>>> print(open('query_12.cif').read())   # mmCIF, C-alpha atoms
data_target
loop_
_atom_site.label_atom_id
_atom_site.label_comp_id
_atom_site.auth_asym_id
_atom_site.auth_seq_id
_atom_site.Cartn_x
_atom_site.Cartn_y
_atom_site.Cartn_z
CA MET A 1 -26.78 -28.42 -46.68
CA GLU A 2 -25.74 -25.40 -44.65
CA GLU A 3 -23.03 -23.19 -46.02
CA VAL A 4 -19.41 -24.01 -45.30
CA VAL A 5 -17.16 -21.08 -44.45
CA ILE A 6 -13.40 -21.27 -44.78
CA TRP A 7 -11.09 -18.77 -43.12
CA HIS A 8 -8.53 -18.77 -45.88
CA ASN A 9 -5.03 -17.48 -46.48
CA PRO A 10 -4.24 -17.90 -50.20
CA ARG A 11 -0.49 -17.93 -49.43
CA CYS A 12 -0.84 -20.99 -47.20
CA SER A 13 -0.57 -24.39 -48.89
CA LYS A 14 -2.74 -26.09 -46.23
CA SER A 15 -5.41 -23.48 -46.78
CA ARG A 16 -5.24 -23.86 -50.56
CA ASN A 17 -5.48 -27.65 -50.18
CA ALA A 18 -8.59 -27.32 -48.02
CA LEU A 19 -10.23 -24.97 -50.53
CA ASN A 20 -9.32 -27.31 -53.40
CA LEU A 21 -10.85 -30.25 -51.56
CA LEU A 22 -14.08 -28.34 -51.01
CA GLU A 23 -14.18 -27.52 -54.73
CA GLU A 24 -13.41 -31.15 -55.72
CA LYS A 25 -16.30 -32.33 -53.56
CA ASN A 26 -18.58 -29.67 -55.11
CA ILE A 27 -19.23 -28.15 -51.70
CA ASP A 28 -20.34 -24.56 -51.91
CA SER A 29 -18.27 -22.48 -49.59
CA LYS A 30 -17.89 -18.90 -48.55
CA VAL A 31 -14.25 -17.85 -48.52
CA PHE A 32 -13.26 -15.40 -45.81
CA ASN A 33 -9.79 -14.04 -46.58
CA TYR A 34 -9.11 -12.92 -43.05
CA LEU A 35 -5.87 -11.17 -43.99
CA GLU A 36 -7.73 -8.76 -46.29
CA SER A 37 -10.88 -8.38 -44.19
CA LYS A 38 -9.61 -8.41 -40.65
CA PRO A 39 -11.89 -10.35 -38.30
CA THR A 40 -13.48 -8.54 -35.39
CA LYS A 41 -13.08 -9.42 -31.73
CA GLU A 42 -16.57 -10.89 -31.85
CA GLU A 43 -15.74 -13.09 -34.85
CA ILE A 44 -12.57 -14.42 -33.22
CA THR A 45 -14.40 -14.99 -29.94
CA ASN A 46 -17.09 -16.91 -31.82
CA ILE A 47 -14.47 -19.03 -33.62
CA LEU A 48 -12.84 -19.87 -30.30
CA LYS A 49 -16.21 -20.95 -28.96
CA LEU A 50 -16.95 -23.09 -32.04
CA LEU A 51 -13.50 -24.68 -31.84
CA SER A 52 -13.76 -25.12 -28.04
CA ILE A 53 -10.25 -23.78 -27.55
CA ASN A 54 -8.65 -20.79 -25.86
CA ALA A 55 -7.00 -17.93 -27.72
CA LYS A 56 -3.48 -19.26 -27.12
CA ASP A 57 -4.37 -22.42 -29.06
CA LEU A 58 -5.42 -20.42 -32.12
CA LEU A 59 -2.10 -18.60 -32.41
CA ARG A 60 0.52 -19.45 -35.00
CA LYS A 61 3.58 -19.53 -32.81
CA SER A 62 5.95 -19.68 -35.79
CA GLU A 63 5.03 -16.19 -36.99
CA GLY A 64 7.61 -13.47 -36.34
CA VAL A 65 5.00 -11.16 -34.87
CA TYR A 66 4.27 -13.79 -32.20
CA THR A 67 7.82 -13.33 -30.90
CA GLU A 68 7.86 -9.57 -31.51
CA LEU A 69 4.75 -9.11 -29.37
CA ASN A 70 6.12 -11.46 -26.68
CA LEU A 71 2.95 -13.57 -26.76
CA LYS A 72 4.60 -16.71 -25.41
CA GLU A 73 4.19 -15.48 -21.84
CA GLU A 74 0.80 -13.80 -22.39
CA SER A 75 -2.22 -15.54 -20.90
CA ASP A 76 -4.86 -12.80 -20.96
CA GLU A 77 -7.55 -13.90 -23.46
CA HIS A 78 -8.53 -10.32 -24.31
CA LYS A 79 -4.95 -9.32 -25.09
CA LEU A 80 -4.43 -12.41 -27.23
CA ILE A 81 -7.67 -11.81 -29.14
CA ASN A 82 -6.70 -8.16 -29.65
CA ALA A 83 -3.32 -9.30 -31.00
CA MET A 84 -5.13 -11.50 -33.56
CA VAL A 85 -7.46 -8.65 -34.54
CA GLU A 86 -4.49 -6.35 -35.12
CA ASN A 87 -2.30 -9.09 -36.67
CA PRO A 88 -4.55 -11.68 -38.32
CA ILE A 89 -1.47 -13.50 -39.65
CA LEU A 90 -1.30 -14.91 -36.11
CA ILE A 91 -4.49 -16.93 -36.66
CA GLU A 92 -4.00 -20.61 -37.34
CA ARG A 93 -5.43 -21.73 -40.66
CA PRO A 94 -7.42 -22.90 -42.39
CA ILE A 95 -10.52 -22.81 -40.23
CA ILE A 96 -13.58 -24.59 -41.58
CA ILE A 97 -16.99 -23.68 -40.17
CA LYS A 98 -20.14 -25.70 -40.72
CA GLY A 99 -23.25 -24.88 -38.73
CA ASP A 100 -22.29 -24.53 -35.09
CA GLU A 101 -19.03 -26.48 -35.43
CA ALA A 102 -15.57 -25.56 -36.62
CA VAL A 103 -12.21 -27.24 -37.08
CA ILE A 104 -8.71 -26.19 -37.90
CA ALA A 105 -7.98 -28.22 -41.03
CA ARG A 106 -4.48 -29.24 -39.91
CA PRO A 107 -4.45 -32.05 -40.84
CA ILE A 108 -6.97 -31.94 -43.71
CA GLU A 109 -8.69 -35.00 -42.23
CA ASN A 110 -10.15 -32.71 -39.54
CA MET A 111 -12.18 -31.00 -42.25
CA GLU A 112 -13.22 -34.30 -43.81
CA LEU A 113 -14.51 -35.59 -40.47
CA LEU A 114 -16.54 -32.42 -39.93
CA LEU A 115 -18.08 -32.54 -43.40
CA LYS A 116 -18.96 -36.26 -43.14
CA LYS A 117 -21.38 -35.38 -40.34
CA TYR A 118 -23.42 -33.35 -42.83
CA MET A 119 -23.32 -35.58 -45.90
#
>>> encode(input="query_12.cif", output="C-alpha coordinates")
Amino acid sequence: MEEVVIWHNPRCSKSRNALNLLEEKNIDSKVFNYLESKPTKEEITNILKLLSINAKDLLRKSEGVYTELNLKEESDEHKLINAMVENPILIERPIIIKGDEAVIARPIENMELLLKKYM
(Lines of atoms letter the chains of each structure in order from A and count residues from 1; the text may use other names and numbers.)
(Lines give C-alpha, C1' and ligand atoms only; values in the text may rest on other atoms or scores of the structure.)
Protein backbone atom coordinates (compact mmCIF):
# COMPACT_ATOMS: atom_id res chain seq x y z
CA MET A 1 0.00 0.00 0.00
CA GLU A 2 1.33 3.41 -0.96
CA GLU A 3 2.07 5.86 1.79
CA VAL A 4 -0.68 8.11 3.09
CA VAL A 5 0.26 11.71 3.77
CA ILE A 6 -1.77 13.92 6.06
CA TRP A 7 -1.41 17.70 6.06
CA HIS A 8 -1.99 18.10 9.76
CA ASN A 9 -2.62 20.89 12.23
CA PRO A 10 -2.33 19.43 15.75
CA ARG A 11 -4.53 22.24 17.13
CA CYS A 12 -7.44 21.25 14.89
CA SER A 13 -9.84 18.64 16.24
CA LYS A 14 -10.82 17.45 12.74
CA SER A 15 -7.16 16.96 11.91
CA ARG A 16 -6.51 15.09 15.16
CA ASN A 17 -9.54 12.88 14.49
CA ALA A 18 -8.26 12.02 11.01
CA LEU A 19 -4.81 11.15 12.37
CA ASN A 20 -6.37 9.04 15.13
CA LEU A 21 -8.45 7.16 12.59
CA LEU A 22 -5.37 6.40 10.50
CA GLU A 23 -3.63 5.09 13.62
CA GLU A 24 -6.68 3.00 14.64
CA LYS A 25 -6.72 1.40 11.20
CA ASN A 26 -2.95 0.74 11.43
CA ILE A 27 -2.34 2.80 8.31
CA ASP A 28 1.19 4.09 8.11
CA SER A 29 1.14 7.76 7.39
CA LYS A 30 3.54 10.60 6.95
CA VAL A 31 2.47 13.64 8.95
CA PHE A 32 3.18 17.00 7.36
CA ASN A 33 2.68 19.73 9.95
CA TYR A 34 2.24 22.49 7.42
CA LEU A 35 2.22 25.22 10.07
CA GLU A 36 5.77 24.33 11.14
CA SER A 37 7.15 23.45 7.71
CA LYS A 38 5.47 25.93 5.41
CA PRO A 39 4.44 24.38 2.10
CA THR A 40 5.93 25.75 -1.10
CA LYS A 41 3.99 27.21 -4.01
CA GLU A 42 4.66 23.98 -5.88
CA GLU A 43 3.29 21.83 -3.05
CA ILE A 44 0.12 23.90 -2.78
CA THR A 45 -0.30 23.89 -6.56
CA ASN A 46 0.08 20.11 -6.55
CA ILE A 47 -2.49 19.74 -3.75
CA LEU A 48 -4.94 21.87 -5.71
CA LYS A 49 -4.43 19.64 -8.73
CA LEU A 50 -4.91 16.46 -6.67
CA LEU A 51 -8.06 17.89 -5.07
CA SER A 52 -9.32 19.23 -8.43
CA ILE A 53 -10.23 22.57 -6.87
CA ASN A 54 -9.12 26.17 -7.23
CA ALA A 55 -7.16 28.08 -4.61
CA LYS A 56 -10.23 29.89 -3.30
CA ASP A 57 -11.78 26.54 -2.34
CA LEU A 58 -8.77 25.60 -0.22
CA LEU A 59 -8.96 28.73 1.93
CA ARG A 60 -10.29 28.75 5.47
CA LYS A 61 -12.57 31.74 5.27
CA SER A 62 -13.09 31.83 9.04
CA GLU A 63 -9.47 32.71 9.77
CA GLY A 64 -8.81 36.32 10.78
CA VAL A 65 -5.99 36.65 8.27
CA TYR A 66 -8.47 35.86 5.48
CA THR A 67 -10.32 39.08 6.33
CA GLU A 68 -7.13 41.03 7.10
CA LEU A 69 -5.73 40.25 3.64
CA ASN A 70 -9.09 41.03 1.98
CA LEU A 71 -9.11 37.66 0.21
CA LYS A 72 -12.88 37.52 -0.22
CA GLU A 73 -12.67 39.65 -3.37
CA GLU A 74 -9.39 38.14 -4.62
CA SER A 75 -9.62 35.82 -7.61
CA ASP A 76 -6.02 35.66 -8.82
CA GLU A 77 -4.81 32.07 -8.24
CA HIS A 78 -1.17 33.13 -7.84
CA LYS A 79 -2.02 35.73 -5.19
CA LEU A 80 -4.19 33.25 -3.30
CA ILE A 81 -1.48 30.57 -3.40
CA ASN A 82 1.10 33.13 -2.23
CA ALA A 83 -1.22 34.06 0.65
CA MET A 84 -1.33 30.37 1.69
CA VAL A 85 2.46 30.06 1.43
CA GLU A 86 2.91 33.10 3.66
CA ASN A 87 -0.01 32.21 5.98
CA PRO A 88 -0.46 28.43 6.00
CA ILE A 89 -3.16 28.77 8.66
CA LEU A 90 -5.37 29.70 5.69
CA ILE A 91 -5.18 26.15 4.31
CA GLU A 92 -8.22 23.99 4.93
CA ARG A 93 -7.45 20.84 6.87
CA PRO A 94 -6.86 18.03 7.18
CA ILE A 95 -5.78 17.04 3.70
CA ILE A 96 -5.23 13.35 3.07
CA ILE A 97 -3.11 12.29 0.10
CA LYS A 98 -2.94 8.76 -1.25
CA GLY A 99 -1.20 8.13 -4.56
CA ASP A 100 -2.43 10.66 -7.07
CA GLU A 101 -5.61 11.50 -5.14
CA ALA A 102 -6.35 13.77 -2.23
CA VAL A 103 -9.33 14.79 -0.13
CA ILE A 104 -10.09 17.34 2.51
CA ALA A 105 -11.24 15.16 5.41
CA ARG A 106 -14.20 17.39 6.30
CA PRO A 107 -16.22 15.32 6.93
CA ILE A 108 -14.02 12.39 7.98
CA GLU A 109 -16.00 10.14 5.62
CA ASN A 110 -14.14 11.78 2.72
CA MET A 111 -10.94 10.18 4.00
CA GLU A 112 -12.62 6.82 4.55
CA LEU A 113 -13.92 6.77 0.97
CA LEU A 114 -10.46 7.55 -0.39
CA LEU A 115 -8.78 4.84 1.69
CA LYS A 116 -11.39 2.19 0.78
CA LYS A 117 -10.19 2.42 -2.83
CA TYR A 118 -6.80 1.11 -1.72
CA MET A 119 -7.79 -1.57 0.78
>>> residues_near_point(input="query_12.cif", point="(-12.5, -14.6, -35.1)", cutoff="10 Å", atoms="all atoms listed in the file", output="MDAnalysis selection string")
chainID A and resid 7 34 38:49 55 58 81 84:85 88 91 95
>>> resolve_selection(input="query_12.cif", expression="the PyMOL selection byres ((chain A and resi 56) around 8)", output="list in words")
Asn54, Ala55, Asp57, Leu58, Leu59, Ser75, Glu77 and Leu80 of chain A
>>> closest_residue(input="query_12.cif", among="A:Lys25, A:Phe32, A:Glu74, A:Ala18", to="Met111 of chain A", atoms="only C-alpha atoms")
A:Ala18
>>> atom_distance(input="query_12.cif", atom1="atom CA of Leu90 of chain A", atom2="atom CA of Asn9 of chain A")
11.3 Å
>>> closest_residue(input="query_12.cif", among="A:Val4, A:Ser62, A:Arg16, A:Thr67", to="Leu114 of chain A", atoms="all atoms listed in the file")
A:Val4
>>> build_atoms(input="query_12.cif", residues="segment 101-112 of chain A", atoms="all heavy atoms", output="short mmCIF file (atom, residue, chain, number, x, y, z; two decimals), in the coordinates of the input")
data_model
loop_
_atom_site.label_atom_id
_atom_site.label_comp_id
_atom_site.auth_asym_id
_atom_site.auth_seq_id
_atom_site.Cartn_x
_atom_site.Cartn_y
_atom_site.Cartn_z
N GLU A 101 -20.29 -25.77 -35.68
CA GLU A 101 -19.03 -26.48 -35.43
C GLU A 101 -17.94 -25.88 -36.32
O GLU A 101 -18.21 -25.36 -37.39
CB GLU A 101 -19.16 -27.96 -35.76
CG GLU A 101 -20.11 -28.72 -34.86
CD GLU A 101 -20.13 -30.20 -35.21
OE1 GLU A 101 -19.15 -30.89 -34.89
OE2 GLU A 101 -21.12 -30.63 -35.81
N ALA A 102 -16.72 -26.02 -35.84
CA ALA A 102 -15.57 -25.56 -36.62
C ALA A 102 -14.39 -26.46 -36.31
O ALA A 102 -14.32 -27.09 -35.25
CB ALA A 102 -15.24 -24.11 -36.29
N VAL A 103 -13.47 -26.51 -37.26
CA VAL A 103 -12.21 -27.24 -37.08
C VAL A 103 -11.09 -26.44 -37.73
O VAL A 103 -11.32 -25.67 -38.65
CB VAL A 103 -12.23 -28.66 -37.69
CG1 VAL A 103 -13.24 -29.55 -36.98
CG2 VAL A 103 -12.47 -28.62 -39.18
N ILE A 104 -9.90 -26.65 -37.21
CA ILE A 104 -8.71 -26.19 -37.90
C ILE A 104 -8.29 -27.36 -38.78
O ILE A 104 -8.08 -28.47 -38.28
CB ILE A 104 -7.59 -25.80 -36.91
CG1 ILE A 104 -8.07 -24.65 -36.01
CG2 ILE A 104 -6.32 -25.41 -37.67
CD1 ILE A 104 -7.13 -24.31 -34.88
N ALA A 105 -8.23 -27.13 -40.07
CA ALA A 105 -7.98 -28.22 -41.03
C ALA A 105 -6.49 -28.55 -41.14
O ALA A 105 -5.92 -28.60 -42.23
CB ALA A 105 -8.58 -27.87 -42.38
N ARG A 106 -5.87 -28.79 -40.04
CA ARG A 106 -4.48 -29.24 -39.91
C ARG A 106 -4.51 -30.42 -38.97
O ARG A 106 -4.59 -30.19 -37.76
CB ARG A 106 -3.59 -28.15 -39.35
CG ARG A 106 -3.27 -27.07 -40.34
CD ARG A 106 -2.42 -26.01 -39.66
NE ARG A 106 -1.98 -25.03 -40.61
CZ ARG A 106 -0.80 -25.04 -41.23
NH1 ARG A 106 0.05 -25.97 -40.98
NH2 ARG A 106 -0.50 -24.10 -42.08
N PRO A 107 -4.52 -31.59 -39.46
CA PRO A 107 -4.45 -32.05 -40.84
C PRO A 107 -5.81 -31.92 -41.55
O PRO A 107 -6.84 -31.72 -40.92
CB PRO A 107 -4.05 -33.53 -40.71
CG PRO A 107 -4.65 -33.94 -39.41
CD PRO A 107 -4.57 -32.71 -38.51
N ILE A 108 -5.78 -32.08 -42.86
CA ILE A 108 -6.97 -31.94 -43.71
C ILE A 108 -8.08 -32.90 -43.29
O ILE A 108 -9.25 -32.63 -43.49
CB ILE A 108 -6.60 -32.09 -45.19
CG1 ILE A 108 -7.70 -31.56 -46.11
CG2 ILE A 108 -6.30 -33.53 -45.53
CD1 ILE A 108 -7.64 -30.10 -46.32
N GLU A 109 -7.70 -34.01 -42.67
CA GLU A 109 -8.69 -35.00 -42.23
C GLU A 109 -9.66 -34.40 -41.21
O GLU A 109 -10.80 -34.86 -41.11
CB GLU A 109 -7.99 -36.24 -41.63
CG GLU A 109 -7.28 -37.09 -42.65
CD GLU A 109 -5.89 -36.57 -43.06
OE1 GLU A 109 -5.36 -35.65 -42.38
OE2 GLU A 109 -5.36 -37.06 -44.07
N ASN A 110 -9.24 -33.38 -40.47
CA ASN A 110 -10.15 -32.71 -39.54
C ASN A 110 -11.36 -32.15 -40.28
O ASN A 110 -12.49 -32.26 -39.82
CB ASN A 110 -9.45 -31.58 -38.79
CG ASN A 110 -8.40 -32.06 -37.82
OD1 ASN A 110 -8.33 -33.24 -37.49
ND2 ASN A 110 -7.57 -31.16 -37.37
N MET A 111 -11.10 -31.55 -41.44
CA MET A 111 -12.18 -31.00 -42.25
C MET A 111 -13.06 -32.12 -42.79
O MET A 111 -14.29 -32.02 -42.77
CB MET A 111 -11.62 -30.18 -43.41
CG MET A 111 -12.70 -29.56 -44.30
SD MET A 111 -12.01 -28.57 -45.65
CE MET A 111 -11.64 -29.85 -46.83
N GLU A 112 -12.45 -33.18 -43.26
CA GLU A 112 -13.22 -34.30 -43.81
C GLU A 112 -14.15 -34.91 -42.77
O GLU A 112 -15.30 -35.22 -43.07
CB GLU A 112 -12.28 -35.34 -44.40
CG GLU A 112 -11.55 -34.84 -45.64
CD GLU A 112 -10.47 -35.78 -46.16
OE1 GLU A 112 -9.87 -36.50 -45.33
OE2 GLU A 112 -10.26 -35.77 -47.37
#
